[in-house]
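Participant: Structure supplied as structure27.txt; contents: compact mmCIF, C-alpha atoms.
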# COMPACT_ATOMS: atom_id res chain seq x y z
CA MET A 1205 0.00 0.00 0.00
CA ALA A 1206 2.78 2.36 0.89
CA ALA A 1207 4.56 1.55 -2.35
CA ARG A 1208 1.43 2.32 -4.40
CA VAL A 1209 0.93 5.59 -2.57
CA LEU A 1210 4.58 6.49 -3.14
CA GLN A 1211 4.20 5.79 -6.87
CA GLN A 1212 1.15 8.04 -7.14
CA CYS A 1213 3.02 10.69 -5.21
CA VAL A 1214 6.00 10.62 -7.55
CA ARG A 1215 3.71 10.85 -10.57
CA SER A 1216 1.85 13.81 -9.12
CA PHE A 1217 5.11 15.53 -8.20
CA ALA A 1218 6.43 15.06 -11.75
CA ARG A 1219 3.47 17.02 -13.17
CA PRO A 1220 3.81 20.83 -13.10
CA SER A 1221 1.52 21.07 -10.11
CA LEU A 1222 4.23 21.08 -7.53
CA ARG A 1223 2.99 24.32 -6.08
CA LEU A 1224 -0.41 22.91 -5.17
CA CYS A 1225 1.13 19.76 -3.67
CA THR A 1226 3.58 21.54 -1.45
CA ARG A 1227 1.06 24.17 -0.44
CA ASN A 1228 -1.47 21.54 0.44
CA VAL A 1229 1.07 19.49 2.35
CA ALA A 1230 2.21 22.56 4.24
CA VAL A 1231 -1.38 23.54 5.07
CA ARG A 1232 -2.23 20.06 6.25
CA ALA A 1233 1.03 19.87 8.13
CA THR A 1234 0.31 23.04 10.10
CA ALA A 1235 -3.28 21.96 10.73
CA THR A 1236 -2.54 18.47 12.01
CA PRO A 1237 1.00 18.21 13.29
CA ALA A 1238 0.42 14.98 15.12
CA VAL A 1239 -0.93 13.15 12.05
CA PHE A 1240 1.77 14.49 9.75
CA ILE A 1241 4.14 11.63 10.37
CA HIS A 1242 1.60 8.99 9.48
CA ARG A 1243 -0.30 10.36 6.49
CA PRO A 1244 1.44 13.07 4.50
CA LEU A 1245 1.75 11.01 1.32
CA SER A 1246 -1.90 10.06 1.05
CA PHE A 1247 -3.02 13.67 1.31
CA ALA A 1248 -0.55 14.70 -1.34
CA ALA A 1249 -1.64 11.87 -3.62
CA GLU A 1250 -5.36 12.51 -3.40
CA SER A 1251 -5.70 16.26 -3.43
CA PRO A 1252 -3.88 17.27 -6.65
CA ARG A 1253 -5.83 14.75 -8.69
CA THR A 1254 -9.19 15.81 -7.27
CA ARG A 1255 -8.32 19.47 -7.65
CA LEU A 1256 -6.82 19.49 -11.08
CA PHE A 1257 -9.66 17.78 -12.88
CA GLY A 1258 -11.73 20.88 -12.40
CA GLN A 1259 -9.03 23.28 -13.55
CA SER A 1260 -7.74 23.86 -17.03
CA ARG A 1261 -4.10 23.09 -17.61
CA ILE A 1262 -1.72 24.49 -20.19
CA SER A 1263 -0.25 21.46 -21.89
CA VAL A 1264 2.93 22.40 -23.71
CA GLY A 1265 3.71 19.52 -26.01
CA VAL A 1266 6.55 21.22 -27.90
CA PHE A 1267 8.85 23.44 -25.86
CA CYS A 1268 8.47 27.01 -27.04
CA ARG A 1269 9.58 30.26 -25.45
CA GLN A 1270 6.92 32.83 -24.74
CA TYR A 1271 8.19 36.39 -24.59
CA GLY A 1272 6.23 39.40 -23.49
CA ASP A 1273 5.93 42.34 -25.87
CA LEU A 1274 3.44 44.92 -27.06
CA PRO A 1275 1.25 44.22 -30.11
CA PRO A 1276 2.92 45.41 -33.33
CA LEU A 1277 2.21 48.99 -34.39
CA THR A 1278 0.44 49.86 -37.62
CA LEU A 1279 -0.13 53.24 -39.20
CA GLU A 1280 -3.84 53.14 -38.36
CA THR A 1281 -3.27 52.34 -34.69
CA ILE A 1282 -0.65 55.07 -34.38
CA LYS A 1283 -3.05 57.55 -35.95
CA GLU A 1284 -5.91 56.48 -33.67
CA ARG A 1285 -3.78 56.78 -30.56
CA VAL A 1286 -2.42 60.19 -31.57
CA MET A 1287 -5.92 61.52 -32.28
CA TYR A 1288 -7.24 60.02 -29.03
CA VAL A 1289 -4.54 61.75 -26.97
CA LEU A 1290 -5.15 65.02 -28.79
CA LYS A 1291 -8.88 64.85 -28.19
CA LEU A 1292 -8.24 64.40 -24.48
CA TYR A 1293 -6.31 67.69 -24.39
CA ASP A 1294 -8.64 70.36 -23.09
CA LYS A 1295 -7.34 73.25 -25.18
CA ILE A 1296 -8.26 71.49 -28.43
CA ASN A 1297 -11.81 71.40 -29.77
CA PRO A 1298 -12.42 67.73 -30.70
CA GLU A 1299 -14.81 68.58 -33.55
CA LYS A 1300 -12.31 70.81 -35.29
CA LEU A 1301 -9.44 68.34 -34.99
CA GLN A 1302 -8.21 66.69 -38.18
CA THR A 1303 -4.97 64.99 -39.08
CA SER A 1304 -3.86 67.97 -41.12
CA SER A 1305 -4.82 70.69 -38.64
CA HIS A 1306 -1.83 72.81 -37.74
CA PHE A 1307 -1.42 73.39 -34.00
CA MET A 1308 -0.50 77.04 -34.20
CA LYS A 1309 -2.43 78.23 -37.26
CA ASP A 1310 -5.64 76.14 -37.21
CA LEU A 1311 -6.06 75.26 -33.56
CA GLY A 1312 -4.58 78.44 -32.10
CA LEU A 1313 -2.22 76.76 -29.70
CA ASP A 1314 0.95 78.12 -28.13
CA SER A 1315 4.52 76.81 -28.43
CA LEU A 1316 4.28 75.77 -24.77
CA ASP A 1317 1.13 73.83 -25.67
CA GLN A 1318 3.01 72.16 -28.51
CA VAL A 1319 5.71 71.10 -26.04
CA GLU A 1320 3.01 69.62 -23.78
CA ILE A 1321 1.47 67.78 -26.73
CA ILE A 1322 4.84 66.29 -27.70
CA MET A 1323 5.38 65.23 -24.07
CA ALA A 1324 1.97 63.53 -24.11
CA MET A 1325 2.99 61.68 -27.27
CA GLU A 1326 6.24 60.60 -25.63
CA ASP A 1327 4.27 59.27 -22.64
CA GLU A 1328 1.82 57.49 -24.93
CA PHE A 1329 4.37 55.69 -27.09
CA GLY A 1330 7.08 55.26 -24.47
CA PHE A 1331 10.09 56.78 -26.21
CA GLU A 1332 11.65 60.20 -26.18
CA ILE A 1333 11.40 62.67 -29.05
CA PRO A 1334 14.49 64.94 -29.06
CA ASP A 1335 13.92 68.68 -28.82
CA ALA A 1336 15.49 69.46 -32.20
CA GLU A 1337 12.96 67.27 -33.99
CA ALA A 1338 10.07 67.91 -31.65
CA GLU A 1339 9.86 71.63 -32.39
CA LYS A 1340 9.25 70.89 -36.08
CA LEU A 1341 6.23 68.60 -35.51
CA MET A 1342 3.27 70.89 -36.02
CA THR A 1343 0.43 68.68 -37.29
CA PRO A 1344 -0.86 65.27 -36.15
CA GLU A 1345 0.08 63.90 -39.57
CA GLU A 1346 3.72 64.85 -39.03
CA ILE A 1347 3.69 63.26 -35.59
CA VAL A 1348 2.32 60.01 -37.02
CA GLN A 1349 4.97 60.02 -39.76
CA TYR A 1350 7.74 60.70 -37.26
CA ILE A 1351 6.63 57.88 -34.95
CA ALA A 1352 6.28 55.50 -37.90
CA ASP A 1353 9.77 56.49 -39.02
CA LYS A 1354 11.25 55.86 -35.59
CA LYS A 1355 9.43 52.60 -34.98
CA ASP A 1356 9.92 51.19 -38.52
CA VAL A 1357 6.22 50.77 -39.28
CA TYR A 1358 5.46 50.05 -42.95
CA GLU A 1359 8.87 51.28 -43.87
CA MET B 606 17.92 74.00 -37.25
CA ALA B 607 20.26 76.00 -39.47
CA SER B 608 22.93 77.07 -37.04
CA ALA B 609 24.22 75.49 -33.87
CA PHE B 610 22.93 78.36 -31.71
CA LEU B 611 19.53 78.13 -30.08
CA THR B 612 17.07 80.99 -30.19
CA HIS B 613 15.65 82.38 -26.99
CA GLN B 614 12.32 80.68 -27.66
CA GLN B 615 14.00 77.32 -28.12
CA LYS B 616 15.91 77.71 -24.87
CA VAL B 617 12.75 78.59 -22.97
CA LEU B 618 10.89 75.61 -24.45
CA ARG B 619 13.72 73.23 -23.55
CA LEU B 620 13.77 74.55 -20.00
CA TYR B 621 9.99 74.06 -19.80
CA LYS B 622 10.19 70.49 -21.05
CA LYS B 623 13.00 69.37 -18.76
CA SER B 624 11.48 71.08 -15.76
CA LEU B 625 8.18 69.26 -16.44
CA ARG B 626 10.01 65.94 -16.71
CA HIS B 627 11.88 66.48 -13.44
CA LEU B 628 8.65 67.62 -11.81
CA GLU B 629 7.12 64.36 -12.99
CA SER B 630 9.99 62.50 -11.32
CA TRP B 631 9.41 64.35 -8.06
CA CYS B 632 5.59 64.15 -8.00
CA VAL B 633 4.96 60.48 -8.53
CA PHE B 634 1.16 60.55 -8.25
CA ARG B 635 -0.52 61.79 -11.38
CA ASP B 636 -3.03 64.23 -9.84
CA LYS B 637 -0.35 65.92 -7.74
CA TYR B 638 1.90 66.18 -10.80
CA ARG B 639 -0.97 67.67 -12.82
CA PHE B 640 -1.56 70.30 -10.14
CA TYR B 641 2.07 71.43 -9.94
CA ALA B 642 2.44 71.25 -13.73
CA CYS B 643 -0.44 73.70 -14.07
CA LEU B 644 1.22 76.02 -11.56
CA LEU B 645 4.48 75.83 -13.51
CA ARG B 646 2.65 76.53 -16.74
CA ALA B 647 1.06 79.61 -15.15
CA ARG B 648 4.50 80.85 -14.12
CA PHE B 649 5.74 80.47 -17.68
CA ASP B 650 2.60 82.07 -19.09
CA GLU B 651 2.69 85.27 -17.08
CA ASN B 652 6.14 86.15 -18.43
CA LYS B 653 5.75 84.94 -21.97
CA ASN B 654 4.88 88.32 -23.53
CA GLU B 655 8.04 90.04 -22.35
CA LYS B 656 9.47 92.18 -25.12
CA ASP B 657 12.66 93.33 -23.44
CA MET B 658 15.28 90.72 -24.39
CA VAL B 659 17.71 91.68 -21.62
CA LYS B 660 15.07 91.09 -18.96
CA ALA B 661 13.94 87.91 -20.73
CA THR B 662 17.46 86.45 -20.77
CA LEU B 663 17.91 87.35 -17.10
CA MET B 664 14.64 85.55 -16.29
CA LEU B 665 15.77 82.55 -18.35
CA LYS B 666 19.08 82.46 -16.46
CA ALA B 667 17.23 82.61 -13.13
CA GLY B 668 14.95 79.82 -14.34
CA GLU B 669 17.87 77.61 -15.32
CA GLU B 670 19.50 78.16 -11.93
CA GLU B 671 16.24 77.31 -10.17
CA PHE B 672 15.97 74.16 -12.30
CA TRP B 673 19.54 73.19 -11.36
CA THR B 674 18.89 73.51 -7.64
CA ASN B 675 15.53 71.69 -7.80
CA GLN B 676 16.36 68.91 -10.23
CA HIS B 677 15.68 65.27 -9.36
CA PRO B 678 18.80 63.15 -8.59
CA GLN B 679 17.46 60.21 -10.60
CA PRO B 680 14.97 61.55 -13.12
CA TYR B 681 12.85 59.21 -15.18
CA ILE B 682 14.68 58.57 -18.43
CA PHE B 683 12.90 56.71 -21.19
CA PRO B 684 14.40 53.29 -21.91
CA ASP B 685 15.52 54.14 -25.42
CA SER B 686 17.02 57.54 -24.65
CA PRO B 687 20.66 58.03 -23.73
CA GLY B 688 21.09 57.07 -20.08
CA GLY B 689 18.08 54.77 -20.16
CA THR B 690 18.07 51.04 -19.53
CA SER B 691 17.52 49.96 -23.11
CA TYR B 692 19.78 52.51 -24.83
CA GLU B 693 21.86 50.87 -27.57
CA ARG B 694 20.89 47.49 -26.17
CA TYR B 695 20.17 46.04 -29.61
CA GLU B 696 23.12 47.71 -31.36
CA CYS B 697 25.05 44.47 -31.47
CA TYR B 698 22.22 42.73 -33.33
CA LYS B 699 21.86 45.32 -36.04
CA VAL B 700 23.24 44.00 -39.33
CA PRO B 701 24.81 46.34 -41.93
CA ASP B 702 23.28 46.39 -45.38
CA TRP B 703 26.27 45.04 -47.33
CA VAL B 704 25.38 41.62 -45.94
CA LEU B 705 22.48 41.61 -48.40
CA ASP B 706 24.97 41.27 -51.21
CA TYR B 707 26.07 37.93 -49.83
CA TRP B 708 22.60 36.37 -49.93
CA HIS B 709 22.07 33.29 -52.07
CA PRO B 710 19.97 33.91 -55.21
CA SER B 711 17.26 31.60 -53.90
CA GLU B 712 16.99 33.86 -50.86
CA LYS B 713 16.98 36.95 -53.02
CA THR B 714 13.99 35.70 -54.99
CA MET B 715 11.95 35.96 -51.82
CA TYR B 716 12.13 39.76 -52.13
CA PRO B 717 12.15 40.42 -55.88
CA ASP B 718 10.92 44.03 -55.70
CA TYR B 719 13.76 45.16 -53.53
CA PHE B 720 16.56 43.29 -55.20
CA SER B 721 15.55 44.32 -58.70
CA LYS B 722 16.09 47.96 -57.73
CA ARG B 723 19.05 47.48 -55.42
CA GLU B 724 21.64 47.58 -58.19
CA GLN B 725 20.31 50.91 -59.44
CA TRP B 726 20.42 52.36 -55.94
CA LYS B 727 24.00 51.22 -55.56
CA LYS B 728 24.95 52.79 -58.87
CA LEU B 729 23.33 56.05 -57.73
CA ARG B 730 25.33 55.86 -54.54
CA MET B 731 28.57 55.39 -56.49
CA GLN B 732 27.81 58.45 -58.58
CA SER B 733 26.90 60.79 -55.75
CA TRP B 734 29.61 59.64 -53.32
CA ASP B 735 32.31 61.99 -54.59
CA ARG B 736 30.02 64.99 -54.44
CA GLU B 737 28.94 64.11 -50.88
CA VAL B 738 32.55 63.78 -49.72
CA ALA B 739 33.45 67.05 -51.40
CA GLN B 740 30.55 68.83 -49.70
CA LEU B 741 31.47 67.42 -46.30
CA GLU B 742 35.11 68.35 -46.70
CA ALA B 743 34.18 71.85 -47.73
CA GLU B 744 31.81 72.35 -44.84
CA THR B 745 33.73 70.82 -41.94
CA LEU B 746 35.56 73.22 -39.68
CA PRO B 747 39.37 72.98 -39.68
CA GLY B 748 39.51 71.52 -36.17
CA GLY B 749 37.18 68.66 -37.07
CA PRO B 750 33.38 68.36 -36.82
CA ARG B 751 31.78 69.64 -33.61
CA THR B 752 28.54 67.66 -33.73
CA GLU B 753 27.29 64.47 -35.31
CA ALA B 754 24.61 66.37 -37.23
CA LEU B 755 25.04 66.19 -40.99
CA PRO B 756 24.41 69.22 -43.21
CA PRO B 757 21.62 68.99 -45.81
CA ALA B 758 22.29 69.05 -49.55
CA ARG B 759 23.19 72.55 -50.69
CA LYS B 760 23.11 72.32 -54.49
CA GLU B 761 20.22 71.42 -56.74
CA GLY B 762 20.04 67.78 -57.80
CA ASP B 763 22.44 66.75 -55.05
CA LEU B 764 21.70 64.12 -52.43
CA PRO B 765 22.31 64.86 -48.73
CA PRO B 766 25.71 63.60 -47.55
CA LEU B 767 25.88 60.03 -46.22
CA TRP B 768 22.27 59.39 -47.26
CA TRP B 769 22.97 55.71 -47.87
CA GLN B 770 23.50 55.07 -44.17
CA ASP B 771 20.17 56.60 -43.33
CA VAL B 772 18.22 54.92 -46.13
CA THR B 773 19.62 51.44 -45.45
CA ARG B 774 19.71 51.69 -41.67
CA PRO B 775 18.68 48.54 -39.77
CA ARG B 776 15.46 48.35 -37.79
CA GLU B 777 15.25 49.85 -34.31
CA ARG B 778 14.47 46.44 -32.80
CA PRO B 779 16.19 43.78 -34.88
CA THR B 780 14.50 40.48 -34.08
Can I see the file as structure tokens?

Facilitator:
Amino acid sequence: MAARVLQQCVRSFARPSLRLCTRNVAVRATATPAVFIHRPLSFAAESPRTRLFGQSRISVGVFCRQYGDLPPLTLETIKERVMYVLKLYDKINPEKLQTSSHFMKDLGLDSLDQVEIIMAMEDEFGFEIPDAEAEKLMTPEEIVQYIADKKDVYE
Amino acid sequence: MASAFLTHQQKVLRLYKKSLRHLESWCVFRDKYRFYACLLRARFDENKNEKDMVKATLMLKAGEEEFWTNQHPQPYIFPDSPGGTSYERYECYKVPDWVLDYWHPSEKTMYPDYFSKREQWKKLRMQSWDREVAQLEAETLPGGPRTEALPPARKEGDLPPLWWQDVTRPRERPT
């Protein structure tokens, strides 16, 4: 009997459910310290099997690495995000905003406002736009082209 | 920018931007940052219509000194900017473009549009190279170049110097 229980234990330990086993064993161990010596293996053998049938498991047949990264940028998504950030700015009228509207001539903004807009774009896309190139970006279309140039989108 | 000197407006705008970034590093919570950013913007706005340049430069100097005393010791630097965590991290994986000449023809047929025109581009580069070098030699100062910025093309029908490096640059994130 002990040999069978040991076999089931080894099989359950070999599966990637080690966390549940050890946690359960630890919980049971703290709860019943006197019984720990006699029945730790049976608890470990039963509980993972009864628990894991209800859960869904990721079965990785072929080993593959899974990296984390943002979804790839496209021109449309860049344009949508730029227009969204601009519409949130309170000095711009959302109805009058177009991709070709000049900040200073059409929308009546200041150079300080343009600096704030460029800073909002930097925060949105996560990379810095140097001052020398930032002072030339005066329409949303230019901003989209600059970001697409920097991020190699549809080059 | 034509010359290497900044105009007064450019200096004020750069001071505004870096003071906002350091303020953002100091005030971590967004609503607090927004409040102090609006106060800073009001301070810039009340002096923006100053016509006397002497007074304006004195105010700019005072502003720069105030920025220096109040700057953050470890400001937030974007990962891809100089000083950031990811700056030049992928430089070693960027492949120069002459490697494309060593591709096997079977590989080149996978991108027929590009490779059909590549020879013409290379011929154009051969032709304009001497003119680019001549322009750079004429325009560099005797002590050597001061900045990495390249001058634009001055004559009609000329290409900007070292345009090939910019046109065939590798991707920002080579995979």

Participant: Counting all atoms listed in the file, which residues of chain B sit at most 8 Å from some atom of chain A, and what is each one's closest atom pair with its distance in Å to one decimal, listed by chain and rising residue number, as a Markdown table?

Facilitator:
| residue | atom | partner | partner_atom | distance |
| --- | --- | --- | --- | --- |
| B:Met606 | CA | A:Ala1336 | CA | 7.2 |
| B:Leu618 | CA | A:Leu1316 | CA | 6.6 |
| B:Arg619 | CA | A:Asp1335 | CA | 7.0 |
| B:Tyr621 | CA | A:Leu1316 | CA | 7.8 |
| B:Lys622 | CA | A:Val1319 | CA | 6.7 |
| B:Phe683 | CA | A:Phe1331 | CA | 5.8 |
| B:Pro684 | CA | A:Phe1331 | CA | 7.0 |
| B:Asp685 | CA | A:Phe1331 | CA | 6.1 |
| B:Ser686 | CA | A:Glu1332 | CA | 6.2 |
| B:Arg776 | CA | A:Asp1356 | CA | 6.3 |
| B:Glu777 | CA | A:Lys1355 | CA | 6.5 |

Participant: CA of Gln770 in chain B and CA of Arg694 in chain B are how many Å apart?

Facilitator: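 A separation of 19.7 Å between them.
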
Participant: Can you measure CA of Thr662 in chain B to CA of Ala1324 in chain A for me? One decimal in Å is fine.

Facilitator: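 If I compute the distance from CA of Thr662 in chain B to CA of Ala1324 in chain A, I get 27.9 Å.
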
Participant: Could you jot down the CA of Arg723 in chain B to CA of Tyr1358 in chain A separation for me, Å, one decimal place?

Facilitator: 18.6 Å

Participant: Of the candidates A:Lys1309, A:Leu1290, A:Ala1352, A:Asn1297, which one gets nearest to Met1325 in chain A if we count all atoms listed in the file?

Facilitator: A:Leu1290

Participant: Of the candidates B:Leu705, B:Leu767, B:Gly688, B:Pro680, which shows the shortest atom-to-atom distance to Cys632 in chain B, using all atoms listed in the file?

Facilitator: B:Pro680

Participant: Would you list the contacts of Ala609 in chain B as a ChimeraX atom specification, taking every protein, DNA or RNA residue within 10 Å and counting only C-alpha atoms, but skipping same-chain residues closer than 4 positions in sequence?

Facilitator: /B:751-752,754

Participant: Residues near Glu655 in chain B, anyone? I mean within 12 Å using all atoms listed in the file, not counting same-chain ones fewer than 6 positions away, as an MDAnalysis selection string.

Facilitator: chainID B and resid 613:614 649 661:665

Participant: Give me the residues within 10 Å of Pro678 in chain B as a list in words, counting all atoms listed in the file and dropping any in the same chain fewer than 2 places off.

Facilitator: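 My reading of the contact set: His627, Ser630, Trp631, Asn675, Gln676, Pro680 and Tyr681 of chain B.
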
Participant: Could you save the residues just selected, with C-alpha atoms, as a PDB file, in the coordinates of the input?

Facilitator:
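Output below, filename result_33.pdb:
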ATOM      1  CA  HIS B 627      11.880  66.480 -13.440  1.00  0.00           C
ATOM      2  CA  SER B 630       9.990  62.500 -11.320  1.00  0.00           C
ATOM      3  CA  TRP B 631       9.410  64.350  -8.060  1.00  0.00           C
ATOM      4  CA  ASN B 675      15.530  71.690  -7.800  1.00  0.00           C
ATOM      5  CA  GLN B 676      16.360  68.910 -10.230  1.00  0.00           C
ATOM      6  CA  PRO B 680      14.970  61.550 -13.120  1.00  0.00           C
ATOM      7  CA  TYR B 681      12.850  59.210 -15.180  1.00  0.00           C
TER       8      TYR B 681
END

Participant: Which is closer to Lys666 in chain B than all the others in B:Lys713, B:Arg730, B:Lys616, B:Arg648, using all atoms listed in the file?

Facilitator: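 For Lys666 in chain B, the nearest of the candidates is B:Lys616.
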
Participant: As a compact mmCIF listing (two decimals) with C-alpha atoms, in the coordinates of the input, please: the residues near range 1278-1284 of chain A (cut-off 9 Å, only C-alpha atoms, same-chain neighbours under 4 positions excluded).

Facilitator:
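That gives us out.txt:
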# COMPACT_ATOMS: atom_id res chain seq x y z
CA TYR A 1288 -7.24 60.02 -29.03
CA VAL A 1289 -4.54 61.75 -26.97
CA THR A 1303 -4.97 64.99 -39.08
CA PHE A 1329 4.37 55.69 -27.09
CA PRO A 1344 -0.86 65.27 -36.15
CA GLU A 1345 0.08 63.90 -39.57
CA ILE A 1347 3.69 63.26 -35.59
CA VAL A 1348 2.32 60.01 -37.02
CA GLN A 1349 4.97 60.02 -39.76
CA ILE A 1351 6.63 57.88 -34.95
CA ALA A 1352 6.28 55.50 -37.90
CA VAL A 1357 6.22 50.77 -39.28
CA TYR A 1358 5.46 50.05 -42.95

Participant: In terms of the shortest atom-to-atom distance over all atoms listed in the file, which of B:Leu628, B:Arg736, B:Arg778, B:Thr714 is closest to Phe640 in chain B?

Facilitator: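 For Phe640 in chain B, the nearest of the given residues is B:Leu628.
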
Participant: Determine the nearest neighbour of Ser1304 in chain A from the options A:Leu1292, A:Leu1277, A:Met1287, A:Cys1268, counting all atoms listed in the file.

Facilitator: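 Of A:Leu1292, A:Leu1277, A:Met1287, A:Cys1268, the one nearest Ser1304 in chain A, counting all atoms listed in the file, is A:Met1287.
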